[in-house]
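File shown here: run_29.pdb, holding PDB, C-alpha atoms.
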```pdb
ATOM      1  CA  GLN X   1       9.009  21.048  -8.670  1.00  0.00           C
ATOM      2  CA  ALA X   2      11.128  23.359 -10.841  1.00  0.00           C
ATOM      3  CA  LEU X   3      14.077  22.821  -8.486  1.00  0.00           C
ATOM      4  CA  LEU X   4      13.667  19.031  -8.617  1.00  0.00           C
ATOM      5  CA  ASP X   5      13.590  19.189 -12.415  1.00  0.00           C
ATOM      6  CA  LYS X   6      16.717  21.346 -12.423  1.00  0.00           C
ATOM      7  CA  PHE X   7      18.552  18.913 -10.149  1.00  0.00           C
ATOM      8  CA  GLU X   8      17.423  15.974 -12.303  1.00  0.00           C
ATOM      9  CA  ASN X   9      19.256  17.462 -15.291  1.00  0.00           C
ATOM     10  CA  ALA X  10      22.318  18.725 -13.401  1.00  0.00           C
ATOM     11  CA  ASP X  11      25.837  17.405 -13.995  1.00  0.00           C
ATOM     12  CA  TRP X  12      28.164  16.454 -11.111  1.00  0.00           C
ATOM     13  CA  GLU X  13      29.418  19.972 -10.333  1.00  0.00           C
ATOM     14  CA  GLU X  14      26.035  21.593 -10.707  1.00  0.00           C
ATOM     15  CA  SER X  15      24.568  18.905  -8.424  1.00  0.00           C
ATOM     16  CA  ARG X  16      27.121  19.854  -5.755  1.00  0.00           C
ATOM     17  CA  SER X  17      26.295  23.533  -6.129  1.00  0.00           C
ATOM     18  CA  LEU X  18      22.531  22.976  -5.959  1.00  0.00           C
ATOM     19  CA  LEU X  19      22.733  20.721  -2.911  1.00  0.00           C
ATOM     20  CA  ILE X  20      24.859  23.276  -1.061  1.00  0.00           C
ATOM     21  CA  SER X  21      22.736  26.295  -2.010  1.00  0.00           C
ATOM     22  CA  ARG X  22      19.283  24.637  -1.964  1.00  0.00           C
ATOM     23  CA  GLY X  23      19.819  21.809   0.486  1.00  0.00           C
ATOM     24  CA  ASP X  24      16.898  23.158   2.511  1.00  0.00           C
ATOM     25  CA  ILE X  25      14.653  21.570  -0.150  1.00  0.00           C
ATOM     26  CA  LEU X  26      16.787  19.006  -1.972  1.00  0.00           C
ATOM     27  CA  MET X  27      17.980  17.310   1.227  1.00  0.00           C
ATOM     28  CA  GLN X  28      14.464  16.703   2.526  1.00  0.00           C
ATOM     29  CA  GLU X  29      13.103  13.132   2.724  1.00  0.00           C
ATOM     30  CA  TYR X  30      10.473  14.145   0.171  1.00  0.00           C
ATOM     31  CA  ALA X  31      13.127  14.766  -2.499  1.00  0.00           C
ATOM     32  CA  ASN X  32      14.806  11.454  -1.695  1.00  0.00           C
ATOM     33  CA  SER X  33      11.494   9.601  -2.134  1.00  0.00           C
ATOM     34  CA  TYR X  34      10.561  11.621  -5.225  1.00  0.00           C
ATOM     35  CA  PHE X  35      13.596  10.502  -7.231  1.00  0.00           C
ATOM     36  CA  MET X  36      13.195   6.828  -6.288  1.00  0.00           C
ATOM     37  CA  LEU X  37       9.453   6.643  -6.954  1.00  0.00           C
ATOM     38  CA  THR X  38       9.617   8.699 -10.150  1.00  0.00           C
ATOM     39  CA  ALA X  39      12.441   6.484 -11.444  1.00  0.00           C
ATOM     40  CA  LEU X  40      10.278   3.405 -10.840  1.00  0.00           C
ATOM     41  CA  SER X  41       7.325   5.041 -12.571  1.00  0.00           C
ATOM     42  CA  GLU X  42       9.434   6.032 -15.593  1.00  0.00           C
ATOM     43  CA  GLU X  43      10.890   2.531 -15.929  1.00  0.00           C
ATOM     44  CA  MET X  44       7.393   1.033 -15.871  1.00  0.00           C
ATOM     45  CA  ALA X  45       6.384   3.508 -18.586  1.00  0.00           C
ATOM     46  CA  GLY X  46       9.332   2.421 -20.734  1.00  0.00           C
ATOM     47  CA  ASN X  47      11.305   5.655 -20.313  1.00  0.00           C
ATOM     48  CA  ARG X  48      14.685   4.033 -19.618  1.00  0.00           C
ATOM     49  CA  LYS X  49      16.796   7.126 -20.378  1.00  0.00           C
ATOM     50  CA  ARG X  50      14.974   9.327 -17.875  1.00  0.00           C
ATOM     51  CA  MET X  51      14.913   6.489 -15.335  1.00  0.00           C
ATOM     52  CA  GLU X  52      18.727   6.264 -15.480  1.00  0.00           C
ATOM     53  CA  LYS X  53      19.066  10.006 -14.963  1.00  0.00           C
ATOM     54  CA  LEU X  54      16.677   9.918 -11.990  1.00  0.00           C
ATOM     55  CA  CYS X  55      18.548   6.963 -10.485  1.00  0.00           C
ATOM     56  CA  ARG X  56      21.879   8.762 -10.678  1.00  0.00           C
ATOM     57  CA  GLN X  57      20.599  11.979  -9.108  1.00  0.00           C
ATOM     58  CA  GLY X  58      18.493  10.112  -6.591  1.00  0.00           C
ATOM     59  CA  GLN X  59      21.508   8.087  -5.516  1.00  0.00           C
ATOM     60  CA  ILE X  60      23.494  11.250  -4.806  1.00  0.00           C
ATOM     61  CA  ILE X  61      20.810  12.296  -2.323  1.00  0.00           C
ATOM     62  CA  SER X  62      20.295   8.773  -0.978  1.00  0.00           C
ATOM     63  CA  GLN X  63      23.996   8.170  -0.353  1.00  0.00           C
ATOM     64  CA  ILE X  64      24.312  11.485   1.476  1.00  0.00           C
ATOM     65  CA  PHE X  65      21.433  10.367   3.716  1.00  0.00           C
ATOM     66  CA  GLN X  66      23.289   7.083   4.335  1.00  0.00           C
ATOM     67  CA  LEU X  67      26.477   8.969   5.162  1.00  0.00           C
ATOM     68  CA  ALA X  68      24.671  11.214   7.655  1.00  0.00           C
ATOM     69  CA  GLU X  69      22.703   8.506   9.471  1.00  0.00           C
ATOM     70  CA  PRO X  70      25.467   6.885  11.590  1.00  0.00           C
ATOM     71  CA  MET X  71      26.841  10.340  12.427  1.00  0.00           C
ATOM     72  CA  LYS X  72      23.437  11.548  13.631  1.00  0.00           C
ATOM     73  CA  ARG X  73      23.902  14.679  11.546  1.00  0.00           C
ATOM     74  CA  PRO X  74      21.488  16.517   9.240  1.00  0.00           C
ATOM     75  CA  PRO X  75      22.123  15.217   5.670  1.00  0.00           C
ATOM     76  CA  ARG X  76      22.604  18.775   4.436  1.00  0.00           C
ATOM     77  CA  ASP X  77      25.713  19.094   6.647  1.00  0.00           C
ATOM     78  CA  LEU X  78      27.365  16.165   4.846  1.00  0.00           C
ATOM     79  CA  VAL X  79      27.020  17.484   1.276  1.00  0.00           C
ATOM     80  CA  PRO X  80      30.613  18.879   1.042  1.00  0.00           C
ATOM     81  CA  ARG X  81      32.103  15.721   2.591  1.00  0.00           C
ATOM     82  CA  PHE X  82      30.181  13.481   0.180  1.00  0.00           C
ATOM     83  CA  PHE X  83      31.551  15.263  -2.897  1.00  0.00           C
ATOM     84  CA  GLU X  84      35.076  15.308  -1.424  1.00  0.00           C
ATOM     85  CA  ARG X  85      34.910  11.504  -1.111  1.00  0.00           C
ATOM     86  CA  PHE X  86      34.186  11.135  -4.818  1.00  0.00           C
ATOM     87  CA  GLU X  87      36.723  13.555  -6.275  1.00  0.00           C
ATOM     88  CA  GLY X  88      38.917  10.967  -8.040  1.00  0.00           C
ATOM     89  CA  ASP X  89      38.002   8.822 -11.030  1.00  0.00           C
ATOM     90  CA  ALA X  90      38.215   5.607  -8.984  1.00  0.00           C
ATOM     91  CA  SER X  91      35.857   7.055  -6.382  1.00  0.00           C
ATOM     92  CA  LYS X  92      33.393   8.201  -9.036  1.00  0.00           C
ATOM     93  CA  ALA X  93      33.508   4.690 -10.526  1.00  0.00           C
ATOM     94  CA  ALA X  94      32.599   3.301  -7.091  1.00  0.00           C
ATOM     95  CA  PHE X  95      29.670   5.728  -6.909  1.00  0.00           C
ATOM     96  CA  GLN X  96      28.521   4.678 -10.383  1.00  0.00           C
ATOM     97  CA  GLU X  97      28.698   1.042  -9.292  1.00  0.00           C
ATOM     98  CA  GLY X  98      26.229   1.855  -6.531  1.00  0.00           C
ATOM     99  CA  VAL X  99      23.975   3.619  -9.035  1.00  0.00           C
ATOM    100  CA  ASP X 100      24.082   0.623 -11.396  1.00  0.00           C
ATOM    101  CA  HIS X 101      23.215  -1.777  -8.572  1.00  0.00           C
ATOM    102  CA  PHE X 102      20.244   0.359  -7.558  1.00  0.00           C
ATOM    103  CA  LYS X 103      19.157   0.631 -11.198  1.00  0.00           C
ATOM    104  CA  ASP X 104      19.247  -3.160 -11.634  1.00  0.00           C
ATOM    105  CA  GLN X 105      17.112  -3.629  -8.515  1.00  0.00           C
ATOM    106  CA  LEU X 106      14.666  -0.995  -9.711  1.00  0.00           C
ATOM    107  CA  ILE X 107      14.299  -2.666 -13.131  1.00  0.00           C
ATOM    108  CA  LYS X 108      13.487  -5.979 -11.412  1.00  0.00           C
ATOM    109  CA  ARG X 109      10.970  -4.243  -9.132  1.00  0.00           C
ATOM    110  CA  ALA X 110       9.324  -2.535 -12.132  1.00  0.00           C
ATOM    111  CA  ILE X 111       8.837  -5.907 -13.862  1.00  0.00           C
ATOM    112  CA  ILE X 112       7.228  -7.412 -10.753  1.00  0.00           C
ATOM    113  CA  LYS X 113       5.041  -4.342 -10.182  1.00  0.00           C
ATOM    114  CA  LYS X 114       3.814  -4.415 -13.793  1.00  0.00           C
ATOM    115  CA  GLN X 115       2.945  -8.088 -13.448  1.00  0.00           C
ATOM    116  CA  GLU X 116       1.048  -7.346 -10.230  1.00  0.00           C
ATOM    117  CA  GLU X 117      -0.898  -4.535 -11.893  1.00  0.00           C
ATOM    118  CA  GLU X 118      -1.704  -6.688 -14.937  1.00  0.00           C
ATOM    119  CA  ALA X 119      -2.943  -9.510 -12.699  1.00  0.00           C
ATOM    120  CA  GLU X 120      -5.090  -7.052 -10.747  1.00  0.00           C
ATOM    121  CA  THR X 121      -6.535  -5.612 -13.957  1.00  0.00           C
ATOM    122  CA  ALA X 122      -7.312  -9.110 -15.261  1.00  0.00           C
ATOM    123  CA  GLN X 123      -9.028  -9.972 -11.988  1.00  0.00           C
ATOM    124  CA  GLU X 124     -11.129  -6.819 -12.126  1.00  0.00           C
ATOM    125  CA  ALA X 125     -12.098  -7.612 -15.734  1.00  0.00           C
ATOM    126  CA  GLU X 126     -13.602 -10.904 -14.580  1.00  0.00           C
ATOM    127  CA  ILE X 127     -16.096  -9.059 -12.377  1.00  0.00           C
ATOM    128  CA  PRO X 128     -19.180  -7.893 -14.334  1.00  0.00           C
ATOM    129  CA  PRO X 129     -19.398  -4.078 -14.296  1.00  0.00           C
ATOM    130  CA  ASP X 130     -22.967  -4.219 -12.966  1.00  0.00           C
ATOM    131  CA  ALA X 131     -22.129  -6.706 -10.194  1.00  0.00           C
ATOM    132  CA  LYS X 132     -23.240  -5.636  -6.728  1.00  0.00           C
ATOM    133  CA  PRO X 133     -22.077  -6.888  -3.327  1.00  0.00           C
ATOM    134  CA  VAL X 134     -24.328  -9.618  -1.946  1.00  0.00           C
ATOM    135  CA  SER X 135     -24.840 -10.003   1.799  1.00  0.00           C
ATOM    136  CA  LEU X 136     -24.556 -13.398   3.475  1.00  0.00           C
ATOM    137  CA  VAL X 137     -28.301 -13.367   4.101  1.00  0.00           C
ATOM    138  CA  GLU X 138     -29.009 -12.768   0.406  1.00  0.00           C
ATOM    139  CA  ALA X 139     -26.389 -15.305  -0.700  1.00  0.00           C
ATOM    140  CA  MET X 140     -27.814 -18.136   1.397  1.00  0.00           C
ATOM    141  CA  TYR X 141     -31.074 -17.991  -0.573  1.00  0.00           C
ATOM    142  CA  GLU X 142     -29.057 -18.892  -3.691  1.00  0.00           C
ATOM    143  CA  MET X 143     -27.574 -22.024  -2.073  1.00  0.00           C
ATOM    144  CA  SER X 144     -29.008 -25.504  -1.841  1.00  0.00           C
ATOM    145  CA  LEU X 145     -30.112 -26.762   1.579  1.00  0.00           C
ATOM    146  CA  GLU X 146     -26.985 -28.932   1.891  1.00  0.00           C
ATOM    147  CA  GLU X 147     -24.668 -26.068   0.932  1.00  0.00           C
ATOM    148  CA  ARG X 148     -26.124 -23.632   3.449  1.00  0.00           C
ATOM    149  CA  LYS X 149     -26.868 -25.959   6.371  1.00  0.00           C
ATOM    150  CA  GLY X 150     -25.151 -24.781   9.582  1.00  0.00           C
ATOM    151  CA  PRO X 151     -22.848 -26.620  12.016  1.00  0.00           C
ATOM    152  CA  GLY X 152     -25.815 -27.637  14.159  1.00  0.00           C
ATOM    153  CA  GLY X 153     -27.741 -28.991  11.179  1.00  0.00           C
ATOM    154  CA  LEU X 154     -30.275 -26.135  11.050  1.00  0.00           C
ATOM    155  CA  ASP X 155     -31.318 -24.371   7.842  1.00  0.00           C
ATOM    156  CA  PRO X 156     -30.203 -20.700   8.064  1.00  0.00           C
ATOM    157  CA  VAL X 157     -33.037 -19.595   5.744  1.00  0.00           C
ATOM    158  CA  GLU X 158     -35.647 -21.195   7.986  1.00  0.00           C
ATOM    159  CA  VAL X 159     -34.002 -19.780  11.121  1.00  0.00           C
ATOM    160  CA  PHE X 160     -33.648 -16.304   9.605  1.00  0.00           C
ATOM    161  CA  GLU X 161     -37.309 -16.189   8.590  1.00  0.00           C
ATOM    162  CA  SER X 162     -38.342 -17.214  12.111  1.00  0.00           C
ATOM    163  CA  LEU X 163     -36.446 -14.300  13.707  1.00  0.00           C
ATOM    164  CA  PRO X 164     -38.214 -11.160  14.957  1.00  0.00           C
ATOM    165  CA  LYS X 165     -37.901  -8.332  12.425  1.00  0.00           C
ATOM    166  CA  ASP X 166     -35.406  -6.297  14.484  1.00  0.00           C
ATOM    167  CA  LEU X 167     -33.080  -9.305  14.728  1.00  0.00           C
ATOM    168  CA  GLN X 168     -33.417  -9.907  10.983  1.00  0.00           C
ATOM    169  CA  GLU X 169     -32.265  -6.334  10.357  1.00  0.00           C
ATOM    170  CA  CYS X 170     -29.188  -6.917  12.536  1.00  0.00           C
ATOM    171  CA  PHE X 171     -28.135  -9.918  10.461  1.00  0.00           C
ATOM    172  CA  LYS X 172     -28.841  -8.159   7.171  1.00  0.00           C
ATOM    173  CA  SER X 173     -26.718  -5.148   8.101  1.00  0.00           C
ATOM    174  CA  GLY X 174     -24.107  -6.955  10.216  1.00  0.00           C
ATOM    175  CA  ASP X 175     -24.528  -4.188  12.808  1.00  0.00           C
ATOM    176  CA  ILE X 176     -23.023  -5.477  16.088  1.00  0.00           C
ATOM    177  CA  GLU X 177     -24.077  -2.431  18.099  1.00  0.00           C
ATOM    178  CA  GLN X 178     -27.683  -2.802  16.948  1.00  0.00           C
ATOM    179  CA  LEU X 179     -27.558  -6.496  17.893  1.00  0.00           C
ATOM    180  CA  LYS X 180     -26.430  -5.538  21.424  1.00  0.00           C
ATOM    181  CA  LYS X 181     -29.325  -3.080  21.680  1.00  0.00           C
ATOM    182  CA  VAL X 182     -31.839  -5.708  20.546  1.00  0.00           C
ATOM    183  CA  ALA X 183     -30.404  -8.150  23.102  1.00  0.00           C
ATOM    184  CA  THR X 184     -30.916  -5.558  25.834  1.00  0.00           C
ATOM    185  CA  ASP X 185     -34.480  -4.763  24.783  1.00  0.00           C
ATOM    186  CA  MET X 186     -35.646  -8.349  24.191  1.00  0.00           C
ATOM    187  CA  ASP X 187     -36.695 -10.839  26.846  1.00  0.00           C
ATOM    188  CA  PRO X 188     -33.446 -12.707  27.740  1.00  0.00           C
ATOM    189  CA  LYS X 189     -35.004 -16.165  27.271  1.00  0.00           C
ATOM    190  CA  ASP X 190     -36.370 -15.240  23.833  1.00  0.00           C
ATOM    191  CA  PHE X 191     -33.044 -13.730  22.748  1.00  0.00           C
ATOM    192  CA  ASP X 192     -31.062 -16.768  23.957  1.00  0.00           C
ATOM    193  CA  TYR X 193     -33.415 -19.100  22.087  1.00  0.00           C
ATOM    194  CA  HIS X 194     -33.124 -17.215  18.798  1.00  0.00           C
ATOM    195  CA  PHE X 195     -29.391 -16.565  19.177  1.00  0.00           C
ATOM    196  CA  ASP X 196     -28.609 -20.230  19.857  1.00  0.00           C
ATOM    197  CA  ARG X 197     -30.532 -21.192  16.706  1.00  0.00           C
ATOM    198  CA  CYS X 198     -28.530 -18.593  14.756  1.00  0.00           C
ATOM    199  CA  ILE X 199     -25.291 -20.292  15.903  1.00  0.00           C
ATOM    200  CA  GLN X 200     -26.596 -23.767  15.064  1.00  0.00           C
ATOM    201  CA  SER X 201     -27.599 -22.610  11.582  1.00  0.00           C
ATOM    202  CA  GLY X 202     -24.326 -20.807  10.853  1.00  0.00           C
ATOM    203  CA  LEU X 203     -25.897 -17.343  10.792  1.00  0.00           C
ATOM    204  CA  TRP X 204     -23.559 -16.434  13.640  1.00  0.00           C
ATOM    205  CA  SER X 205     -20.176 -17.805  14.662  1.00  0.00           C
ATOM    206  CA  LYS X 206     -19.224 -18.290  18.307  1.00  0.00           C
ATOM    207  CA  ALA X 207     -15.794 -16.888  17.430  1.00  0.00           C
TER     208      ALA X 207
END
```

Is it possible to give me this structure as structure tokens?
Amino acid sequence: QALLDKFENADWEESRSLLISRGDILMQEYANSYFMLTALSEEMAGNRKRMEKLCRQGQIISQIFQLAEPMKRPPRDLVPRFFERFEGDASKAAFQEGVDHFKDQLIKRAIIKKQEEEAETAQEAEIPPDAKPVSLVEAMYEMSLEERKGPGGLDPVEVFESLPKDLQECFKSGDIEQLKKVATDMDPKDFDYHFDRCIQSGLWSKA
């Protein structure tokens, strides 16, 4: 982490020196991801100045990765060539243009991500803190007969209460493997009768 912090605050020449001497760490995919994700996090936190610094340094690493990819070479091997390409003022301006483009995209992404997080927080706030998950079997007791009636016109509450206890447990837990075991243990005619009624009442879907 100390090396990443040092690179974050490095100027152009020091960045070159660090990437050549410590490319074993700084030219890893982890470092590339670190600068991009940390820049996004800082922008969302309102730390624009640090975000800009992270973008610039992250783009040095990212662009070296892009340079190395078509050549099928380790990114670390392309560090000297990358800095040679951006020796002149015009070349450095072109690099900065790439940084600015990335920064603009990151700012847009940060706005969207904040909106997504705010919407998620608002949705969570609508759920009472003491709310507990309710199974389908429990939920159907809260419905009217018309609301809960199955595709075959049968009342799932009535059908459920007519099931043998071991079958009731299968529907309460939603345990498919237990249902297979019960089917094996039960008389086939009895199982088919109960299972068909479960389909007709909507307790079970043919799909």

Report summary line: Judged by all atoms listed in the file, the minimum distance to Pro74 of chain X among X:Met36, X:Gln28, X:Arg56, X:His101 is found for X:Gln28

Report summary line: Among X:Leu37, X:Leu145, X:Leu4, X:Val182, Arg22 of chain X is approached most closely, using all atoms listed in the file, by X:Leu4

Query raised in the report: So which residues touch Met27 of chain X within 10 Å, counting all atoms listed in the file, skipping near sequence neighbours fewer than 2 positions away, as an MDAnalysis selection string?
Result: chainID X and resid 19:20 22:25 29:32 61:62 64:65 74:77 79

Query - segment 168-175 of chain X environment, 12 Å, only C-alpha atoms, sequence neighbours closer than 2 positions dropped, as JSON, numbers by chain - result: {"X": [134, 135, 136, 137, 138, 139, 140, 156, 157, 158, 159, 160, 161, 162, 163, 164, 165, 166, 177, 178, 179, 180, 181, 182, 183, 194, 195, 198, 202, 203, 204, 205]}

**Report entry** One-decimal distance in Å that lies between atom CA of Gln59 of chain X and atom CA of Leu78 of chain X
**Finding:**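 Straight-line distance from atom CA of Leu78 of chain X to atom CA of Gln59 of chain X works out to 14.4 Å.
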
Report task. Please write the residues picked by the PyMOL selection byres ((chain X and resi 104) around 12) on this file as a list in words. Result ->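 Those residues are Ala39, Leu40, Glu43, Arg48, Met51, Glu52, Cys55, Glu97, Gly98, Val99, Asp100, His101, Phe102, Lys103, Gln105, Leu106, Ile107, Lys108, Arg109, Ala110 and Ile111 of chain X.
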
Suppose we keep C-alpha atoms; can you now write the selection as a PDB file, in the frame of the given file?
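What landed in again.pdb:
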```pdb
ATOM      1  CA  ALA X  39      12.441   6.484 -11.444  1.00  0.00           C
ATOM      2  CA  LEU X  40      10.278   3.405 -10.840  1.00  0.00           C
ATOM      3  CA  GLU X  43      10.890   2.531 -15.929  1.00  0.00           C
ATOM      4  CA  ARG X  48      14.685   4.033 -19.618  1.00  0.00           C
ATOM      5  CA  MET X  51      14.913   6.489 -15.335  1.00  0.00           C
ATOM      6  CA  GLU X  52      18.727   6.264 -15.480  1.00  0.00           C
ATOM      7  CA  CYS X  55      18.548   6.963 -10.485  1.00  0.00           C
ATOM      8  CA  GLU X  97      28.698   1.042  -9.292  1.00  0.00           C
ATOM      9  CA  GLY X  98      26.229   1.855  -6.531  1.00  0.00           C
ATOM     10  CA  VAL X  99      23.975   3.619  -9.035  1.00  0.00           C
ATOM     11  CA  ASP X 100      24.082   0.623 -11.396  1.00  0.00           C
ATOM     12  CA  HIS X 101      23.215  -1.777  -8.572  1.00  0.00           C
ATOM     13  CA  PHE X 102      20.244   0.359  -7.558  1.00  0.00           C
ATOM     14  CA  LYS X 103      19.157   0.631 -11.198  1.00  0.00           C
ATOM     15  CA  GLN X 105      17.112  -3.629  -8.515  1.00  0.00           C
ATOM     16  CA  LEU X 106      14.666  -0.995  -9.711  1.00  0.00           C
ATOM     17  CA  ILE X 107      14.299  -2.666 -13.131  1.00  0.00           C
ATOM     18  CA  LYS X 108      13.487  -5.979 -11.412  1.00  0.00           C
ATOM     19  CA  ARG X 109      10.970  -4.243  -9.132  1.00  0.00           C
ATOM     20  CA  ALA X 110       9.324  -2.535 -12.132  1.00  0.00           C
ATOM     21  CA  ILE X 111       8.837  -5.907 -13.862  1.00  0.00           C
TER      22      ILE X 111
END
```

Could you give me the axis-aligned bounding box of segment 2-10 of chain X, with 4 Å of padding per side, as centre plus edge lengths in Å to one decimal, as lines of an AutoDock Vina configuration file?
```
center_x = 16.7
center_y = 19.7
center_z = -11.9
size_x = 19.2
size_y = 15.4
size_z = 14.8
```

Query raised in the report: How many Å lie between atom CA of Leu18 of chain X and atom CA of Phe35 of chain X, rounded to one decimal?
Result: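 We find that atom CA of Leu18 of chain X and atom CA of Phe35 of chain X lie 15.4 Å from each other.
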
Query - Atom pair atom CA of Ser33 of chain X / atom CA of Gly58 of chain X: separation (Å) - result: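 Interatomic distance here is 8.3 Å.
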
Requested in this report: May I ask which of the residues X:Ile112, X:Leu3, X:Leu167, X:Leu26 is the closest one to Asp185 of chain X, counting only C-alpha atoms?
Outcome: X:Leu167

Would you mind putting N, CA, C and O atoms back on segment 9-21 of chain X and writing the result as a short mmCIF file (atom, residue, chain, number, x, y, z; two decimals), in the coordinates of the input?
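Result file part-v9.cif:
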```cif
data_model
loop_
_atom_site.label_atom_id
_atom_site.label_comp_id
_atom_site.auth_asym_id
_atom_site.auth_seq_id
_atom_site.Cartn_x
_atom_site.Cartn_y
_atom_site.Cartn_z
N ASN X 9 18.46 17.26 -14.07
CA ASN X 9 19.26 17.46 -15.29
C ASN X 9 20.66 18.03 -15.02
O ASN X 9 21.37 18.38 -15.96
N ALA X 10 21.02 18.13 -13.75
CA ALA X 10 22.32 18.73 -13.40
C ALA X 10 23.46 17.73 -13.59
O ALA X 10 23.30 16.53 -13.43
N ASP X 11 24.65 18.26 -13.95
CA ASP X 11 25.84 17.40 -14.00
C ASP X 11 26.43 17.32 -12.58
O ASP X 11 25.85 17.85 -11.62
N TRP X 12 27.58 16.69 -12.43
CA TRP X 12 28.16 16.45 -11.11
C TRP X 12 28.44 17.75 -10.35
O TRP X 12 28.05 17.90 -9.19
N GLU X 13 29.07 18.71 -11.01
CA GLU X 13 29.42 19.97 -10.33
C GLU X 13 28.18 20.80 -10.02
O GLU X 13 28.09 21.43 -8.96
N GLU X 14 27.26 20.82 -10.95
CA GLU X 14 26.04 21.59 -10.71
C GLU X 14 25.22 20.94 -9.59
O GLU X 14 24.58 21.64 -8.80
N SER X 15 25.26 19.61 -9.51
CA SER X 15 24.57 18.90 -8.42
C SER X 15 25.13 19.33 -7.07
O SER X 15 24.39 19.60 -6.13
N ARG X 16 26.47 19.41 -6.99
CA ARG X 16 27.12 19.85 -5.76
C ARG X 16 26.65 21.26 -5.37
O ARG X 16 26.28 21.52 -4.23
N SER X 17 26.68 22.15 -6.37
CA SER X 17 26.30 23.53 -6.13
C SER X 17 24.84 23.65 -5.66
O SER X 17 24.54 24.38 -4.71
N LEU X 18 23.96 22.91 -6.31
CA LEU X 18 22.53 22.98 -5.96
C LEU X 18 22.27 22.42 -4.57
O LEU X 18 21.46 22.96 -3.80
N LEU X 19 22.95 21.33 -4.23
CA LEU X 19 22.73 20.72 -2.91
C LEU X 19 23.26 21.61 -1.79
O LEU X 19 22.72 21.62 -0.68
N ILE X 20 24.32 22.36 -2.07
CA ILE X 20 24.86 23.28 -1.06
C ILE X 20 23.96 24.50 -0.92
O ILE X 20 23.63 24.93 0.19
N SER X 21 23.53 25.05 -2.06
CA SER X 21 22.74 26.30 -2.01
C SER X 21 21.25 26.05 -1.72
O SER X 21 20.59 26.88 -1.10
#
```
